[in-house]
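S.K.: One file is attached below, run_37.tsv, containing TSV, C-alpha atoms.
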```tsv
chain	number	residue	atom	x	y	z
A	1	MET	CA	-64.19	-33.60	-65.84
A	2	THR	CA	-66.24	-30.97	-67.66
A	3	ASP	CA	-65.62	-27.27	-67.45
A	4	PRO	CA	-68.04	-25.46	-65.16
A	5	GLN	CA	-70.66	-23.26	-66.75
A	6	PRO	CA	-69.68	-19.59	-67.03
A	7	ILE	CA	-70.98	-17.52	-64.13
A	8	LEU	CA	-74.08	-15.44	-64.88
A	9	ILE	CA	-73.73	-11.66	-64.53
A	10	LEU	CA	-76.83	-9.65	-63.62
A	11	MET	CA	-76.48	-5.98	-64.57
A	12	ALA	CA	-78.80	-3.38	-63.05
A	13	ASP	CA	-78.55	-0.24	-65.19
A	14	ASP	CA	-81.10	2.06	-66.81
A	15	ASP	CA	-78.75	3.10	-69.66
A	16	ASP	CA	-79.28	0.87	-72.72
A	17	ASP	CA	-75.98	2.04	-74.24
A	18	ASP	CA	-74.03	1.00	-71.11
A	19	ILE	CA	-75.68	-2.42	-71.15
A	20	LEU	CA	-74.97	-2.90	-74.87
A	21	LEU	CA	-71.35	-1.73	-74.51
A	22	THR	CA	-70.83	-4.04	-71.53
A	23	GLN	CA	-72.20	-6.99	-73.55
A	24	LYS	CA	-69.90	-6.11	-76.46
A	25	ALA	CA	-66.92	-5.69	-74.11
A	26	LEU	CA	-67.53	-9.12	-72.56
A	27	LYS	CA	-67.68	-10.67	-76.03
A	28	LYS	CA	-64.65	-8.76	-77.35
A	29	GLY	CA	-62.76	-9.67	-74.17
A	30	LYS	CA	-63.56	-13.33	-74.91
A	31	LEU	CA	-65.52	-13.79	-71.68
A	32	LEU	CA	-68.24	-16.39	-72.02
A	33	ASN	CA	-70.34	-15.08	-69.15
A	34	LYS	CA	-73.99	-14.48	-69.93
A	35	LEU	CA	-75.19	-10.97	-69.11
A	36	ILE	CA	-78.79	-10.43	-68.07
A	37	SER	CA	-79.96	-6.87	-67.49
A	38	VAL	CA	-82.64	-5.19	-65.43
A	39	ARG	CA	-83.50	-1.47	-65.59
A	40	ASP	CA	-83.80	-0.36	-61.96
A	41	GLY	CA	-83.50	-1.44	-58.34
A	42	GLU	CA	-87.12	-2.61	-58.13
A	43	GLU	CA	-86.70	-4.91	-61.14
A	44	LEU	CA	-83.38	-6.14	-59.70
A	45	LEU	CA	-85.06	-7.17	-56.45
A	46	ASP	CA	-88.02	-8.70	-58.33
A	47	TYR	CA	-85.51	-10.80	-60.30
A	48	LEU	CA	-83.54	-11.86	-57.21
A	49	GLN	CA	-86.66	-12.61	-55.13
A	50	TYR	CA	-88.61	-14.30	-57.96
A	51	ARG	CA	-91.45	-11.77	-57.99
A	52	GLY	CA	-93.68	-10.48	-60.79
A	53	GLU	CA	-92.41	-11.36	-64.27
A	54	TYR	CA	-89.55	-13.30	-62.62
A	55	SER	CA	-91.79	-15.56	-60.49
A	56	ASP	CA	-90.65	-18.61	-62.47
A	57	ALA	CA	-87.27	-19.34	-60.87
A	58	SER	CA	-86.17	-21.33	-63.93
A	59	GLN	CA	-86.43	-18.11	-65.96
A	60	ALA	CA	-84.43	-16.12	-63.39
A	61	PRO	CA	-81.25	-18.10	-62.69
A	62	ARG	CA	-79.26	-16.99	-59.65
A	63	PRO	CA	-76.42	-14.66	-60.73
A	64	GLY	CA	-72.84	-15.25	-59.66
A	65	LEU	CA	-72.17	-11.51	-59.79
A	66	ILE	CA	-74.27	-8.34	-59.80
A	67	LEU	CA	-73.09	-5.20	-61.62
A	68	LEU	CA	-75.00	-2.36	-59.99
A	69	ASP	CA	-75.42	1.21	-61.19
A	70	LEU	CA	-76.11	3.66	-58.36
A	71	ASN	CA	-78.26	6.16	-60.23
A	72	MET	CA	-81.42	4.48	-61.50
A	73	PRO	CA	-85.13	5.36	-61.44
A	74	LYS	CA	-87.71	3.91	-59.02
A	75	LYS	CA	-85.24	2.36	-56.56
A	76	ASP	CA	-81.64	3.45	-56.90
A	77	GLY	CA	-78.60	1.21	-56.52
A	78	ARG	CA	-77.92	2.35	-52.95
A	79	GLU	CA	-81.38	1.25	-51.79
A	80	ALA	CA	-81.15	-2.01	-53.73
A	81	LEU	CA	-77.69	-2.76	-52.31
A	82	LYS	CA	-78.96	-2.20	-48.78
A	83	GLU	CA	-81.83	-4.66	-49.33
A	84	ILE	CA	-79.61	-7.28	-51.01
A	85	LYS	CA	-77.06	-7.24	-48.21
A	86	ALA	CA	-79.83	-7.38	-45.56
A	87	ASP	CA	-81.38	-10.51	-47.12
A	88	PRO	CA	-79.84	-13.80	-45.89
A	89	GLU	CA	-80.77	-15.47	-49.21
A	90	LEU	CA	-79.01	-12.82	-51.32
A	91	ARG	CA	-76.19	-11.28	-49.26
A	92	GLU	CA	-73.55	-13.76	-50.43
A	93	ILE	CA	-73.93	-12.79	-54.09
A	94	PRO	CA	-70.99	-10.52	-54.90
A	95	VAL	CA	-72.08	-7.00	-55.85
A	96	VAL	CA	-69.85	-4.69	-57.86
A	97	VAL	CA	-70.98	-1.09	-58.08
A	98	PHE	CA	-70.42	-0.11	-61.72
A	99	THR	CA	-71.31	3.55	-62.07
A	100	THR	CA	-70.32	6.88	-63.54
A	101	SER	CA	-70.01	8.37	-60.06
A	102	LYS	CA	-66.56	9.21	-58.72
A	103	ALA	CA	-67.96	10.87	-55.59
A	104	GLU	CA	-66.07	9.92	-52.45
A	105	GLU	CA	-69.38	9.78	-50.55
A	106	ASP	CA	-70.77	7.19	-53.01
A	107	ILE	CA	-67.63	5.06	-52.68
A	108	TYR	CA	-67.64	5.27	-48.87
A	109	ARG	CA	-71.39	4.62	-48.54
A	110	SER	CA	-71.31	1.69	-50.99
A	111	TYR	CA	-68.61	-0.08	-48.99
A	112	LYS	CA	-70.43	0.70	-45.75
A	113	LEU	CA	-73.54	-0.98	-47.22
A	114	GLY	CA	-71.51	-4.10	-48.08
A	115	VAL	CA	-70.50	-3.76	-51.74
A	116	ASN	CA	-67.67	-6.08	-52.79
A	117	SER	CA	-66.04	-3.65	-55.25
A	118	PHE	CA	-66.62	-0.15	-56.60
A	119	ILE	CA	-65.70	0.59	-60.22
A	120	THR	CA	-66.18	3.87	-62.04
A	121	LYS	CA	-67.31	3.18	-65.61
A	122	PRO	CA	-64.48	3.84	-68.06
A	123	VAL	CA	-64.90	6.50	-70.72
A	124	THR	CA	-63.56	4.59	-73.75
A	125	PHE	CA	-64.66	1.24	-75.16
A	126	ASP	CA	-61.08	-0.12	-75.06
A	127	SER	CA	-60.91	0.74	-71.36
A	128	LEU	CA	-64.28	-0.97	-70.83
A	129	ILE	CA	-62.97	-4.14	-72.50
A	130	GLU	CA	-59.93	-4.03	-70.20
A	131	VAL	CA	-62.14	-3.54	-67.12
A	132	MET	CA	-64.40	-6.45	-68.13
A	133	GLN	CA	-61.41	-8.73	-68.73
A	134	THR	CA	-59.92	-7.80	-65.36
A	135	LEU	CA	-63.28	-8.19	-63.64
A	136	GLY	CA	-63.76	-11.57	-65.30
A	137	LYS	CA	-60.30	-12.78	-64.38
A	138	TYR	CA	-60.67	-11.66	-60.78
A	139	TRP	CA	-64.24	-12.81	-60.05
A	140	PHE	CA	-64.34	-15.92	-62.22
A	141	GLU	CA	-60.77	-17.27	-62.14
A	142	ILE	CA	-59.04	-16.01	-58.98
A	143	VAL	CA	-61.80	-15.68	-56.36
A	144	SER	CA	-63.49	-18.74	-54.86
A	145	LEU	CA	-67.24	-18.18	-54.77
A	146	PRO	CA	-69.75	-20.27	-52.77
A	147	THR	CA	-71.39	-23.05	-54.73
A	148	GLU	CA	-75.13	-23.12	-55.21
A	149	THR	CA	-77.46	-25.43	-53.32
A	150	LYS	CA	-80.36	-27.23	-55.00
A	151	LYS	CA	-82.72	-24.36	-54.06
A	152	GLY	CA	-80.66	-22.01	-56.20
A	153	THR	CA	-79.27	-20.01	-53.33
A	154	TYR	CA	-75.79	-20.10	-51.97
A	155	GLY	CA	-75.10	-22.42	-49.05
A	156	GLU	CA	-73.64	-21.26	-45.78
A	157	ALA	CA	-69.86	-21.07	-45.66
A	158	SER	CA	-68.31	-23.89	-43.70
A	159	ASN	CA	-64.90	-24.50	-42.24
A	160	ASP	CA	-65.56	-28.23	-42.27
A	161	THR	CA	-63.22	-29.79	-44.82
A	162	THR	CA	-64.07	-33.44	-44.14
A	163	ALA	CA	-65.72	-35.49	-46.86
A	164	HIS	CA	-69.35	-36.48	-46.35
```
Could I get this file's structure written as C-alpha cells?

M.R.:
Amino acid sequence: MTDPQPILILMADDDDDDILLTQKALKKGKLLNKLISVRDGEELLDYLQYRGEYSDASQAPRPGLILLDLNMPKKDGREALKEIKADPELREIPVVVFTTSKAEEDIYRSYKLGVNSFITKPVTFDSLIEVMQTLGKYWFEIVSLPTETKKGTYGEASNDTTAH
C-alpha cells in the first residue's frame, strides 16, 4: 500500500511575508503539504469555483484545508468564509482562520459563519513552526477528512459502512 499524497493547503492572505514564513515553517516542521496561496477573498473563490485564471480544474486542485486571513482587500475573509460555507460543493473543506486578529467579535463571528478553527498568527518564527506542526498533526494525522470524488469535490458523508 502506498502512502497517500500530502493534503494540499490553500492559503488566502495578502501579506507576502506571512505566506513565505508559513511555507518556510511547513518545510522546517518537516510537513510535506504543498501550500498554494491566493491574495484575497475574490481570488480564493475564483480558485475554488474554477473561474478566471483558475478555470482549468487540473491547475486548481481541490485543497484539503484552507488557511484564511480575515483582513484582505477586495473581499475579506469573513465574506469569503460565508460564501464557502453556503456552497454545497465547498462547505466540507475545512477552513482555519489564520489571522493577526485577537478580537473576540472576530472569533465569535468566524465560528458563527462555520469556521473549523480560529488561530491567531504567532509573533515569532519558532512559534509559527510549532503552530504549523500542530496544525499538520491535527488536520492531517488525527482528523478523518472526507475523500474526494472523481469530480474533485468531496462526497456526501454516509453512515453506511457496508462494502459495495

S.K.: Please provide as a VMD selection string all residues within 10 Å of stretch 24-33 of chain A, with the sequence filter that same-chain residues fewer than 5 positions apart are discarded (counting all atoms listed in the file).

M.R.: chain A and resid 5 to 9 18 to 19 64 125 to 137 140

S.K.: Work out how far atom CA of A:Gly114 is from atom CA of A:Ile84, in Å to one decimal.

M.R.: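 These atoms are spaced 9.2 Å apart.
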
S.K.: Taking only C-alpha atoms into account, which of A:Leu21, A:Leu48, A:Val95, A:Leu10 comes nearest A:Asn116?

M.R.: A:Val95

S.K.: Please indicate the distance in Å from atom CA of A:Asp56 to atom CA of A:Gly77, rounded to one decimal place.

M.R.: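 About the pair atom CA of A:Asp56 and atom CA of A:Gly77: they are 23.9 Å apart.
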
S.K.: For the atom pair atom CA of A:Pro73 and atom CA of A:Asp87, what is the interatomic distance in Å to one decimal place?

M.R.: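 Going from atom CA of A:Pro73 over to atom CA of A:Asp87, I get 21.7 Å.
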
S.K.: From the set A:Asp40, A:Glu89, A:Glu83, A:Asp13, which residue has the shortest atom-to-atom contact distance to A:Leu113, counting all atoms listed in the file?

M.R.: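 Answer, going by the shortest atom-to-atom distance: A:Glu83.
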
S.K.: May I have the residues at most 12 Å from (-65.2, 1.5, -59.4) in the file's coordinates, counting only C-alpha atoms, as a PyMOL selection string?

M.R.: chain A and resi 67-70+95-104+106-108+110-111+115-122+128+131-132+135

S.K.: Would you save the residues of that selection, restricted to C-alpha atoms, as a tab-separated table (two decimals), in the frame of the given file?

M.R.:
```tsv
chain	number	residue	atom	x	y	z
A	67	LEU	CA	-73.09	-5.20	-61.62
A	68	LEU	CA	-75.00	-2.36	-59.99
A	69	ASP	CA	-75.42	1.21	-61.19
A	70	LEU	CA	-76.11	3.66	-58.36
A	95	VAL	CA	-72.08	-7.00	-55.85
A	96	VAL	CA	-69.85	-4.69	-57.86
A	97	VAL	CA	-70.98	-1.09	-58.08
A	98	PHE	CA	-70.42	-0.11	-61.72
A	99	THR	CA	-71.31	3.55	-62.07
A	100	THR	CA	-70.32	6.88	-63.54
A	101	SER	CA	-70.01	8.37	-60.06
A	102	LYS	CA	-66.56	9.21	-58.72
A	103	ALA	CA	-67.96	10.87	-55.59
A	104	GLU	CA	-66.07	9.92	-52.45
A	106	ASP	CA	-70.77	7.19	-53.01
A	107	ILE	CA	-67.63	5.06	-52.68
A	108	TYR	CA	-67.64	5.27	-48.87
A	110	SER	CA	-71.31	1.69	-50.99
A	111	TYR	CA	-68.61	-0.08	-48.99
A	115	VAL	CA	-70.50	-3.76	-51.74
A	116	ASN	CA	-67.67	-6.08	-52.79
A	117	SER	CA	-66.04	-3.65	-55.25
A	118	PHE	CA	-66.62	-0.15	-56.60
A	119	ILE	CA	-65.70	0.59	-60.22
A	120	THR	CA	-66.18	3.87	-62.04
A	121	LYS	CA	-67.31	3.18	-65.61
A	122	PRO	CA	-64.48	3.84	-68.06
A	128	LEU	CA	-64.28	-0.97	-70.83
A	131	VAL	CA	-62.14	-3.54	-67.12
A	132	MET	CA	-64.40	-6.45	-68.13
A	135	LEU	CA	-63.28	-8.19	-63.64
```

S.K.: Kindly indicate which residue among A:Arg78, A:Met72, A:Leu44, A:Ser144 lies nearest to A:Asp16, using all atoms listed in the file for the distances.

M.R.: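 Nearest candidate to A:Asp16 out of A:Arg78, A:Met72, A:Leu44, A:Ser144: A:Met72.
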
S.K.: Find the axis-aligned box for stretch 129-132 of chain A, covering all its listed atoms and adding 3 Å on each side, and write its centre and edge lengths in Å to one decimal as AutoDock Vina command-line options.

M.R.:
```
--center_x -62.2 --center_y -5.0 --center_z -69.8 --size_x 10.5 --size_y 8.9 --size_z 11.4
```

S.K.: Pick from A:Pro94, A:Leu81, A:Ser37, A:Pro88: nearest to A:Ala60, with all atoms listed in the file counted?

M.R.: A:Ser37

S.K.: Smallest atom-to-atom distance to A:Val143: which of A:Leu65, A:Lys74, A:Arg109, A:Gln59, using all atoms listed in the file?

M.R.: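 Of A:Leu65, A:Lys74, A:Arg109, A:Gln59, the one nearest A:Val143, counting all atoms listed in the file, is A:Leu65.
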
S.K.: Point out the residue among A:Asp76, A:Asp14, A:Glu92, A:Glu53 with the least atom-to-atom distance to A:Val38, counting all atoms listed in the file.

M.R.: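 For A:Val38, the nearest of the candidates is A:Asp14.
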